[in-house]
file data_10.pdb (PDB, C-alpha atoms and all ligand atoms)
ATOM      1  CA  MET B   1     -19.498 -45.533 101.917  1.00  0.00           C
ATOM      2  CA  THR B   2     -22.508 -43.272 102.128  1.00  0.00           C
ATOM      3  CA  ASP B   3     -24.152 -43.029 105.467  1.00  0.00           C
ATOM      4  CA  PRO B   4     -27.962 -42.987 105.587  1.00  0.00           C
ATOM      5  CA  ALA B   5     -28.059 -39.408 106.865  1.00  0.00           C
ATOM      6  CA  ASP B   6     -26.240 -38.203 103.726  1.00  0.00           C
ATOM      7  CA  LEU B   7     -28.605 -40.186 101.589  1.00  0.00           C
ATOM      8  CA  ASP B   8     -31.593 -38.509 103.197  1.00  0.00           C
ATOM      9  CA  GLU B   9     -29.914 -35.208 102.526  1.00  0.00           C
ATOM     10  CA  LEU B  10     -29.540 -36.037  98.849  1.00  0.00           C
ATOM     11  CA  TYR B  11     -33.161 -37.146  98.624  1.00  0.00           C
ATOM     12  CA  ARG B  12     -34.317 -33.969 100.269  1.00  0.00           C
ATOM     13  CA  GLU B  13     -32.285 -31.892  97.820  1.00  0.00           C
ATOM     14  CA  ILE B  14     -33.875 -33.578  94.805  1.00  0.00           C
ATOM     15  CA  VAL B  15     -37.373 -33.193  96.233  1.00  0.00           C
ATOM     16  CA  LEU B  16     -36.806 -29.529  97.088  1.00  0.00           C
ATOM     17  CA  ASP B  17     -35.326 -28.853  93.670  1.00  0.00           C
ATOM     18  CA  HIS B  18     -38.382 -30.311  91.906  1.00  0.00           C
ATOM     19  CA  HIS B  19     -40.682 -28.437  94.254  1.00  0.00           C
ATOM     20  CA  ARG B  20     -38.975 -25.106  93.621  1.00  0.00           C
ATOM     21  CA  ASN B  21     -38.416 -25.637  89.921  1.00  0.00           C
ATOM     22  CA  PRO B  22     -41.192 -27.918  88.699  1.00  0.00           C
ATOM     23  CA  ARG B  23     -40.453 -29.481  85.297  1.00  0.00           C
ATOM     24  CA  ASN B  24     -42.970 -29.359  82.451  1.00  0.00           C
ATOM     25  CA  SER B  25     -45.012 -26.768  84.332  1.00  0.00           C
ATOM     26  CA  GLU B  26     -45.835 -24.675  81.250  1.00  0.00           C
ATOM     27  CA  GLU B  27     -49.342 -25.681  80.112  1.00  0.00           C
ATOM     28  CA  ILE B  28     -49.286 -27.230  76.671  1.00  0.00           C
ATOM     29  CA  GLN B  29     -51.751 -26.455  73.895  1.00  0.00           C
ATOM     30  CA  GLY B  30     -53.560 -29.132  71.936  1.00  0.00           C
ATOM     31  CA  ALA B  31     -53.546 -31.811  74.595  1.00  0.00           C
ATOM     32  CA  THR B  32     -55.244 -35.051  73.561  1.00  0.00           C
ATOM     33  CA  HIS B  33     -55.692 -36.204  77.161  1.00  0.00           C
ATOM     34  CA  GLU B  34     -56.291 -34.346  80.403  1.00  0.00           C
ATOM     35  CA  GLY B  35     -56.690 -35.471  83.953  1.00  0.00           C
ATOM     36  CA  GLU B  36     -56.622 -34.254  87.499  1.00  0.00           C
ATOM     37  CA  ALA B  37     -56.531 -35.512  91.031  1.00  0.00           C
ATOM     38  CA  ILE B  38     -57.200 -33.895  94.372  1.00  0.00           C
ATOM     39  CA  ASN B  39     -56.052 -34.861  97.833  1.00  0.00           C
ATOM     40  CA  PRO B  40     -58.414 -33.205 100.313  1.00  0.00           C
ATOM     41  CA  PHE B  41     -56.248 -34.236 103.265  1.00  0.00           C
ATOM     42  CA  CYS B  42     -53.690 -31.591 102.501  1.00  0.00           C
ATOM     43  CA  ASP B  43     -55.268 -29.529  99.729  1.00  0.00           C
ATOM     44  CA  ASP B  44     -53.036 -30.908  97.003  1.00  0.00           C
ATOM     45  CA  GLU B  45     -54.055 -30.703  93.369  1.00  0.00           C
ATOM     46  CA  VAL B  46     -52.358 -32.022  90.271  1.00  0.00           C
ATOM     47  CA  HIS B  47     -53.429 -31.408  86.681  1.00  0.00           C
ATOM     48  CA  VAL B  48     -51.940 -33.298  83.789  1.00  0.00           C
ATOM     49  CA  LYS B  49     -52.183 -32.523  80.081  1.00  0.00           C
ATOM     50  CA  ILE B  50     -50.744 -34.904  77.556  1.00  0.00           C
ATOM     51  CA  GLN B  51     -50.293 -35.099  73.835  1.00  0.00           C
ATOM     52  CA  LEU B  52     -50.398 -38.771  73.021  1.00  0.00           C
ATOM     53  CA  SER B  53     -49.159 -39.743  69.580  1.00  0.00           C
ATOM     54  CA  ASP B  54     -48.410 -43.223  68.261  1.00  0.00           C
ATOM     55  CA  GLY B  55     -49.227 -44.526  71.713  1.00  0.00           C
ATOM     56  CA  GLN B  56     -46.456 -42.512  73.296  1.00  0.00           C
ATOM     57  CA  VAL B  57     -46.536 -39.525  75.585  1.00  0.00           C
ATOM     58  CA  GLY B  58     -45.176 -36.569  73.646  1.00  0.00           C
ATOM     59  CA  GLU B  59     -45.541 -33.086  75.060  1.00  0.00           C
ATOM     60  CA  LEU B  60     -47.005 -32.884  78.501  1.00  0.00           C
ATOM     61  CA  SER B  61     -47.614 -30.416  81.262  1.00  0.00           C
ATOM     62  CA  VAL B  62     -47.959 -31.070  84.946  1.00  0.00           C
ATOM     63  CA  THR B  63     -49.323 -28.274  87.099  1.00  0.00           C
ATOM     64  CA  GLY B  64     -50.773 -28.033  90.541  1.00  0.00           C
ATOM     65  CA  VAL B  65     -50.700 -26.643  94.031  1.00  0.00           C
ATOM     66  CA  GLY B  66     -50.035 -28.255  97.341  1.00  0.00           C
ATOM     67  CA  CYS B  67     -47.364 -29.626  99.601  1.00  0.00           C
ATOM     68  CA  SER B  68     -43.770 -30.180  98.555  1.00  0.00           C
ATOM     69  CA  ILE B  69     -44.157 -33.955  98.315  1.00  0.00           C
ATOM     70  CA  SER B  70     -47.160 -33.788  95.998  1.00  0.00           C
ATOM     71  CA  GLN B  71     -45.632 -31.150  93.745  1.00  0.00           C
ATOM     72  CA  ALA B  72     -42.169 -32.669  93.636  1.00  0.00           C
ATOM     73  CA  SER B  73     -43.699 -36.066  92.887  1.00  0.00           C
ATOM     74  CA  ALA B  74     -45.726 -34.522  90.042  1.00  0.00           C
ATOM     75  CA  SER B  75     -42.628 -32.935  88.548  1.00  0.00           C
ATOM     76  CA  LEU B  76     -40.586 -36.131  88.851  1.00  0.00           C
ATOM     77  CA  MET B  77     -43.405 -38.128  87.277  1.00  0.00           C
ATOM     78  CA  GLY B  78     -43.650 -35.793  84.295  1.00  0.00           C
ATOM     79  CA  VAL B  79     -39.961 -36.187  83.552  1.00  0.00           C
ATOM     80  CA  GLU B  80     -40.175 -39.972  83.785  1.00  0.00           C
ATOM     81  CA  VAL B  81     -43.252 -40.576  81.649  1.00  0.00           C
ATOM     82  CA  LYS B  82     -42.297 -38.347  78.721  1.00  0.00           C
ATOM     83  CA  GLY B  83     -41.697 -40.459  75.634  1.00  0.00           C
ATOM     84  CA  LYS B  84     -43.088 -43.595  77.277  1.00  0.00           C
ATOM     85  CA  THR B  85     -45.923 -45.844  76.139  1.00  0.00           C
ATOM     86  CA  ARG B  86     -49.031 -46.650  78.166  1.00  0.00           C
ATOM     87  CA  ALA B  87     -47.638 -50.084  78.995  1.00  0.00           C
ATOM     88  CA  GLN B  88     -44.332 -48.635  80.204  1.00  0.00           C
ATOM     89  CA  ILE B  89     -46.190 -46.046  82.257  1.00  0.00           C
ATOM     90  CA  ALA B  90     -48.424 -48.686  83.836  1.00  0.00           C
ATOM     91  CA  GLN B  91     -45.300 -50.571  84.851  1.00  0.00           C
ATOM     92  CA  LEU B  92     -43.688 -47.445  86.328  1.00  0.00           C
ATOM     93  CA  ALA B  93     -46.872 -46.677  88.254  1.00  0.00           C
ATOM     94  CA  GLU B  94     -46.897 -50.187  89.704  1.00  0.00           C
ATOM     95  CA  GLN B  95     -43.257 -49.957  90.759  1.00  0.00           C
ATOM     96  CA  PHE B  96     -43.808 -46.539  92.272  1.00  0.00           C
ATOM     97  CA  LYS B  97     -46.829 -47.712  94.283  1.00  0.00           C
ATOM     98  CA  SER B  98     -44.781 -50.630  95.448  1.00  0.00           C
ATOM     99  CA  ILE B  99     -41.756 -48.618  96.672  1.00  0.00           C
ATOM    100  CA  THR B 100     -43.910 -45.989  98.380  1.00  0.00           C
ATOM    101  CA  GLY B 101     -46.058 -48.727  99.890  1.00  0.00           C
ATOM    102  CA  GLY B 102     -43.197 -50.303 101.770  1.00  0.00           C
ATOM    103  CA  SER B 103     -41.479 -52.691  99.372  1.00  0.00           C
ATOM    104  CA  ASP B 104     -37.695 -52.843  99.624  1.00  0.00           C
ATOM    105  CA  GLU B 105     -37.261 -52.642  95.866  1.00  0.00           C
ATOM    106  CA  SER B 106     -35.574 -49.683  94.222  1.00  0.00           C
ATOM    107  CA  MET B 107     -36.299 -47.848  91.016  1.00  0.00           C
ATOM    108  CA  GLU B 108     -33.515 -46.890  88.675  1.00  0.00           C
ATOM    109  CA  SER B 109     -34.652 -43.310  88.394  1.00  0.00           C
ATOM    110  CA  ASP B 110     -35.104 -40.202  90.478  1.00  0.00           C
ATOM    111  CA  LEU B 111     -38.555 -41.492  91.409  1.00  0.00           C
ATOM    112  CA  ASP B 112     -36.708 -43.634  93.904  1.00  0.00           C
ATOM    113  CA  VAL B 113     -36.107 -40.591  96.124  1.00  0.00           C
ATOM    114  CA  LEU B 114     -39.782 -40.641  97.091  1.00  0.00           C
ATOM    115  CA  LYS B 115     -39.696 -44.086  98.643  1.00  0.00           C
ATOM    116  CA  GLY B 116     -38.977 -42.356 101.961  1.00  0.00           C
ATOM    117  CA  VAL B 117     -42.688 -41.497 102.206  1.00  0.00           C
ATOM    118  CA  LYS B 118     -43.456 -45.060 103.230  1.00  0.00           C
ATOM    119  CA  ARG B 119     -42.433 -43.988 106.727  1.00  0.00           C
ATOM    120  CA  TYR B 120     -45.179 -41.346 106.682  1.00  0.00           C
ATOM    121  CA  PRO B 121     -48.449 -42.992 105.693  1.00  0.00           C
ATOM    122  CA  VAL B 122     -50.336 -39.692 105.302  1.00  0.00           C
ATOM    123  CA  ARG B 123     -47.786 -38.514 102.759  1.00  0.00           C
ATOM    124  CA  ILE B 124     -48.157 -41.578 100.548  1.00  0.00           C
ATOM    125  CA  LYS B 125     -51.360 -40.082  99.158  1.00  0.00           C
ATOM    126  CA  CYS B 126     -49.415 -36.917  98.342  1.00  0.00           C
ATOM    127  CA  ALA B 127     -46.747 -38.867  96.473  1.00  0.00           C
ATOM    128  CA  LEU B 128     -49.297 -40.914  94.517  1.00  0.00           C
ATOM    129  CA  LEU B 129     -51.536 -37.981  93.602  1.00  0.00           C
ATOM    130  CA  ALA B 130     -49.753 -37.175  90.342  1.00  0.00           C
ATOM    131  CA  TRP B 131     -50.049 -40.791  89.261  1.00  0.00           C
ATOM    132  CA  SER B 132     -53.804 -40.681  89.892  1.00  0.00           C
ATOM    133  CA  ALA B 133     -54.011 -37.573  87.721  1.00  0.00           C
ATOM    134  CA  LEU B 134     -52.026 -39.323  85.002  1.00  0.00           C
ATOM    135  CA  ASP B 135     -54.240 -42.376  85.242  1.00  0.00           C
ATOM    136  CA  ASP B 136     -57.280 -40.110  84.970  1.00  0.00           C
ATOM    137  CA  ALA B 137     -55.798 -38.530  81.830  1.00  0.00           C
ATOM    138  CA  LEU B 138     -54.868 -41.795  80.160  1.00  0.00           C
ATOM    139  CA  SER B 139     -58.165 -43.479  80.900  1.00  0.00           C
ATOM    140  CA  GLY B 140     -60.170 -40.487  79.625  1.00  0.00           C
TER     141      GLY B 140
HETATM  142 ZN    ZN Y 201     -49.686 -33.295 100.376  1.00  0.00          ZN
END
call {"tool": "encode", "arguments": {"input": "data_10.pdb", "output": "structure tokens"}}
result
Amino acid sequence: MTDPADLDELYREIVLDHHRNPRNSEEIQGATHEGEAINPFCDDEVHVKIQLSDGQVGELSVTGVGCSISQASASLMGVEVKGKTRAQIAQLAEQFKSITGGSDESMESDLDVLKGVKRYPVRIKCALLAWSALDDALSG
């Protein structure tokens, strides 16, 4: 039986790990799509570069500056969307908005660790920033 305090601890560890060691942070060359998003409320920025081939996300880079939630969320997102199609990504984005917006659903991935932000409305923007950048890239 895991008590909720331990669970929070685990979540915090994953978030801190992604913040300290962001995945896919080396900028790729030859991106087919690029996007960015800015959160003026806490000076967060996320930049996304993607190589889309056969409708799937191939190489990608996710870079940025800002608070731990925004940067950890960006890193977690990059890991999750690699190899996925636009339709799969749209579905992930919907689920993620739902869990950070207060739904009691869970996601079967590390993205689930960010659902704790629903208790902190100002941080929801931070968590969603990377997904806005991705949306900007894919719609460009
Ligand atoms: Zn932030």
call {"tool": "residues_near_ligand", "arguments": {"input": "data_10.pdb", "ligand": "ligand ZN 201 (chain Y)", "cutoff": "6 Å", "atoms": "only C-alpha atoms and all ligand atoms", "output": "PyMOL selection string"}}
result
chain B and resi 42+44+66-67+69-70+126
call {"tool": "closest_residue", "arguments": {"input": "data_10.pdb", "among": "B:Leu111, B:Ala74, B:Gly55, B:Gly64", "to": "Ile14 in chain B", "atoms": "all atoms listed in the file"}}
result
B:Leu111
call {"tool": "closest_residue", "arguments": {"input": "data_10.pdb", "among": "B:Gln51, B:Asn21, B:Gln95, B:Gln71", "to": "Asp112 in chain B", "atoms": "only C-alpha atoms"}}
result
B:Gln95
call {"tool": "resolve_selection", "arguments": {"input": "data_10.pdb", "expression": "the PyMOL selection byres (((chain B and resi 114) around 10) and not hetatm)", "output": "MDAnalysis selection string"}}
result
chainID B and resid 11:12 14:15 69 72:73 76 96 99:100 110:113 115:118 124 127:128
call {"tool": "closest_residue", "arguments": {"input": "data_10.pdb", "among": "B:Glu26, B:Glu105, B:Glu80, B:Asp8", "to": "Leu134 in chain B", "atoms": "all atoms listed in the file"}}
result
B:Glu80
call {"tool": "resolve_selection", "arguments": {"input": "data_10.pdb", "expression": "the PyMOL selection byres (((chain B and resi 60-62) around 8) and not hetatm)", "output": "PyMOL selection string"}}
result
chain B and resi 23-28+31+46-51+57-59+63-64+74-75+78+82
call {"tool": "resolve_selection", "arguments": {"input": "data_10.pdb", "expression": "the PyMOL selection byres (((chain B and resi 139) around 12) and not hetatm)", "output": "compact mmCIF listing (two decimals) with C-alpha atoms, keeping the file's coordinate frame"}}
result
# COMPACT_ATOMS: atom_id res chain seq x y z
CA THR B 32 -55.24 -35.05 73.56
CA HIS B 33 -55.69 -36.20 77.16
CA GLU B 34 -56.29 -34.35 80.40
CA GLY B 35 -56.69 -35.47 83.95
CA GLU B 36 -56.62 -34.25 87.50
CA ILE B 50 -50.74 -34.90 77.56
CA ARG B 86 -49.03 -46.65 78.17
CA ALA B 90 -48.42 -48.69 83.84
CA TRP B 131 -50.05 -40.79 89.26
CA SER B 132 -53.80 -40.68 89.89
CA ALA B 133 -54.01 -37.57 87.72
CA LEU B 134 -52.03 -39.32 85.00
CA ASP B 135 -54.24 -42.38 85.24
CA ASP B 136 -57.28 -40.11 84.97
CA ALA B 137 -55.80 -38.53 81.83
CA LEU B 138 -54.87 -41.80 80.16
CA GLY B 140 -60.17 -40.49 79.62
call {"tool": "atom_distance", "arguments": {"input": "data_10.pdb", "atom1": "CA of Asp43 in chain B", "atom2": "CA of Val122 in chain B"}}
result
12.6 Å
call {"tool": "atom_distance", "arguments": {"input": "data_10.pdb", "atom1": "CA of Gly83 in chain B", "atom2": "CA of Gln56 in chain B"}}
result
5.7 Å
call {"tool": "atom_distance", "arguments": {"input": "data_10.pdb", "atom1": "CA of Gly102 in chain B", "atom2": "CA of Tyr120 in chain B"}}
result
10.4 Å
call {"tool": "closest_residue", "arguments": {"input": "data_10.pdb", "among": "B:Leu129, B:Ser68, B:Ser53, B:Arg123", "to": "Ala93 in chain B", "atoms": "all atoms listed in the file"}}
result
B:Leu129
call {"tool": "closest_residue", "arguments": {"input": "data_10.pdb", "among": "B:Pro121, B:Val81, B:Ile38, B:Glu13", "to": "Ser109 in chain B", "atoms": "all atoms listed in the file"}}
result
B:Val81
call {"tool": "closest_residue", "arguments": {"input": "data_10.pdb", "among": "B:Asp17, B:Lys125, B:Arg119, B:Asp104", "to": "Pro40 in chain B", "atoms": "all atoms listed in the file"}}
result
B:Lys125
call {"tool": "decode", "arguments": {"input": "data_10.pdb", "residues": "range 74-106 of chain B", "atoms": "N, CA, C and O atoms", "output": "compact mmCIF listing (two decimals), in the first residue's frame"}}
result
# COMPACT_ATOMS: atom_id res chain seq x y z
N ALA B 74 7.92 19.86 -20.64
CA ALA B 74 8.42 19.87 -22.01
C ALA B 74 9.23 18.61 -22.30
O ALA B 74 9.08 17.97 -23.34
N SER B 75 10.07 18.24 -21.35
CA SER B 75 10.90 17.05 -21.52
C SER B 75 10.04 15.79 -21.57
O SER B 75 10.22 14.92 -22.44
N LEU B 76 9.08 15.70 -20.67
CA LEU B 76 8.18 14.54 -20.63
C LEU B 76 7.37 14.44 -21.93
O LEU B 76 7.18 13.36 -22.48
N MET B 77 6.94 15.59 -22.42
CA MET B 77 6.15 15.60 -23.65
C MET B 77 6.97 15.08 -24.82
O MET B 77 6.50 14.26 -25.61
N GLY B 78 8.22 15.55 -24.92
CA GLY B 78 9.08 15.14 -26.02
C GLY B 78 9.24 13.63 -26.08
O GLY B 78 9.19 13.01 -27.15
N VAL B 79 9.43 13.03 -24.92
CA VAL B 79 9.60 11.58 -24.84
C VAL B 79 8.34 10.88 -25.32
O VAL B 79 8.38 9.90 -26.07
N GLU B 80 7.19 11.41 -24.92
CA GLU B 80 5.92 10.76 -25.23
C GLU B 80 5.51 10.87 -26.69
O GLU B 80 4.86 9.97 -27.22
N VAL B 81 5.82 12.00 -27.33
CA VAL B 81 5.30 12.19 -28.69
C VAL B 81 6.20 11.63 -29.78
O VAL B 81 5.79 11.50 -30.93
N LYS B 82 7.42 11.26 -29.43
CA LYS B 82 8.34 10.71 -30.42
C LYS B 82 7.75 9.43 -31.02
O LYS B 82 7.31 8.55 -30.29
N GLY B 83 7.74 9.38 -32.35
CA GLY B 83 7.24 8.18 -33.02
C GLY B 83 5.72 8.15 -33.17
O GLY B 83 5.17 7.22 -33.75
N LYS B 84 5.05 9.18 -32.66
CA LYS B 84 3.58 9.18 -32.72
C LYS B 84 3.07 9.97 -33.92
O LYS B 84 3.76 10.82 -34.47
N THR B 85 1.84 9.66 -34.31
CA THR B 85 1.20 10.38 -35.41
C THR B 85 0.47 11.61 -34.85
O THR B 85 0.25 11.71 -33.65
N ARG B 86 0.07 12.50 -35.78
CA ARG B 86 -0.68 13.69 -35.35
C ARG B 86 -1.93 13.31 -34.57
O ARG B 86 -2.27 13.95 -33.57
N ALA B 87 -2.64 12.29 -35.04
CA ALA B 87 -3.88 11.88 -34.38
C ALA B 87 -3.59 11.38 -32.96
O ALA B 87 -4.32 11.71 -32.02
N GLN B 88 -2.53 10.58 -32.82
CA GLN B 88 -2.18 10.08 -31.49
C GLN B 88 -1.77 11.22 -30.56
O GLN B 88 -2.09 11.23 -29.38
N ILE B 89 -1.06 12.19 -31.14
CA ILE B 89 -0.61 13.34 -30.35
C ILE B 89 -1.79 14.19 -29.91
O ILE B 89 -1.86 14.64 -28.76
N ALA B 90 -2.75 14.38 -30.82
CA ALA B 90 -3.94 15.16 -30.47
C ALA B 90 -4.68 14.50 -29.30
O ALA B 90 -5.16 15.18 -28.39
N GLN B 91 -4.71 13.18 -29.32
CA GLN B 91 -5.39 12.44 -28.26
C GLN B 91 -4.63 12.60 -26.92
O GLN B 91 -5.24 12.82 -25.88
N LEU B 92 -3.31 12.49 -26.99
CA LEU B 92 -2.49 12.68 -25.79
C LEU B 92 -2.70 14.07 -25.21
O LEU B 92 -2.83 14.25 -24.00
N ALA B 93 -2.71 15.07 -26.10
CA ALA B 93 -2.87 16.45 -25.66
C ALA B 93 -4.20 16.64 -24.94
O ALA B 93 -4.28 17.30 -23.90
N GLU B 94 -5.24 16.03 -25.50
CA GLU B 94 -6.57 16.11 -24.88
C GLU B 94 -6.57 15.48 -23.49
O GLU B 94 -7.08 16.05 -22.53
N GLN B 95 -5.96 14.29 -23.40
CA GLN B 95 -5.92 13.59 -22.11
C GLN B 95 -5.14 14.41 -21.09
O GLN B 95 -5.51 14.52 -19.93
N PHE B 96 -4.02 14.99 -21.57
CA PHE B 96 -3.17 15.75 -20.66
C PHE B 96 -3.89 16.99 -20.14
O PHE B 96 -3.83 17.31 -18.95
N LYS B 97 -4.60 17.69 -21.05
CA LYS B 97 -5.38 18.86 -20.62
C LYS B 97 -6.44 18.46 -19.62
O LYS B 97 -6.73 19.19 -18.67
N SER B 98 -7.00 17.29 -19.84
CA SER B 98 -8.04 16.81 -18.96
C SER B 98 -7.50 16.50 -17.56
O SER B 98 -8.08 16.94 -16.56
N ILE B 99 -6.38 15.78 -17.48
CA ILE B 99 -5.87 15.42 -16.13
C ILE B 99 -5.30 16.63 -15.39
O ILE B 99 -5.39 16.70 -14.17
N THR B 100 -4.74 17.60 -16.13
CA THR B 100 -4.23 18.78 -15.43
C THR B 100 -5.36 19.76 -15.13
O THR B 100 -5.21 20.66 -14.32
N GLY B 101 -6.49 19.58 -15.79
CA GLY B 101 -7.62 20.47 -15.58
C GLY B 101 -8.57 19.99 -14.49
O GLY B 101 -9.59 20.61 -14.25
N GLY B 102 -8.25 18.87 -13.87
CA GLY B 102 -9.04 18.46 -12.73
C GLY B 102 -9.78 17.14 -12.87
O GLY B 102 -10.42 16.68 -11.94
N SER B 103 -9.70 16.52 -14.04
CA SER B 103 -10.36 15.22 -14.21
C SER B 103 -9.68 14.17 -13.33
O SER B 103 -8.49 14.28 -13.03
N ASP B 104 -10.42 13.15 -12.93
CA ASP B 104 -9.84 12.11 -12.09
C ASP B 104 -9.24 10.97 -12.90
O ASP B 104 -8.80 9.98 -12.35
N GLU B 105 -9.22 11.13 -14.22
CA GLU B 105 -8.61 10.09 -15.06
C GLU B 105 -7.11 10.01 -14.80
O GLU B 105 -6.52 10.91 -14.22
N SER B 106 -6.52 8.93 -15.29
CA SER B 106 -5.06 8.79 -15.23
C SER B 106 -4.55 8.53 -16.62
O SER B 106 -5.28 8.07 -17.49
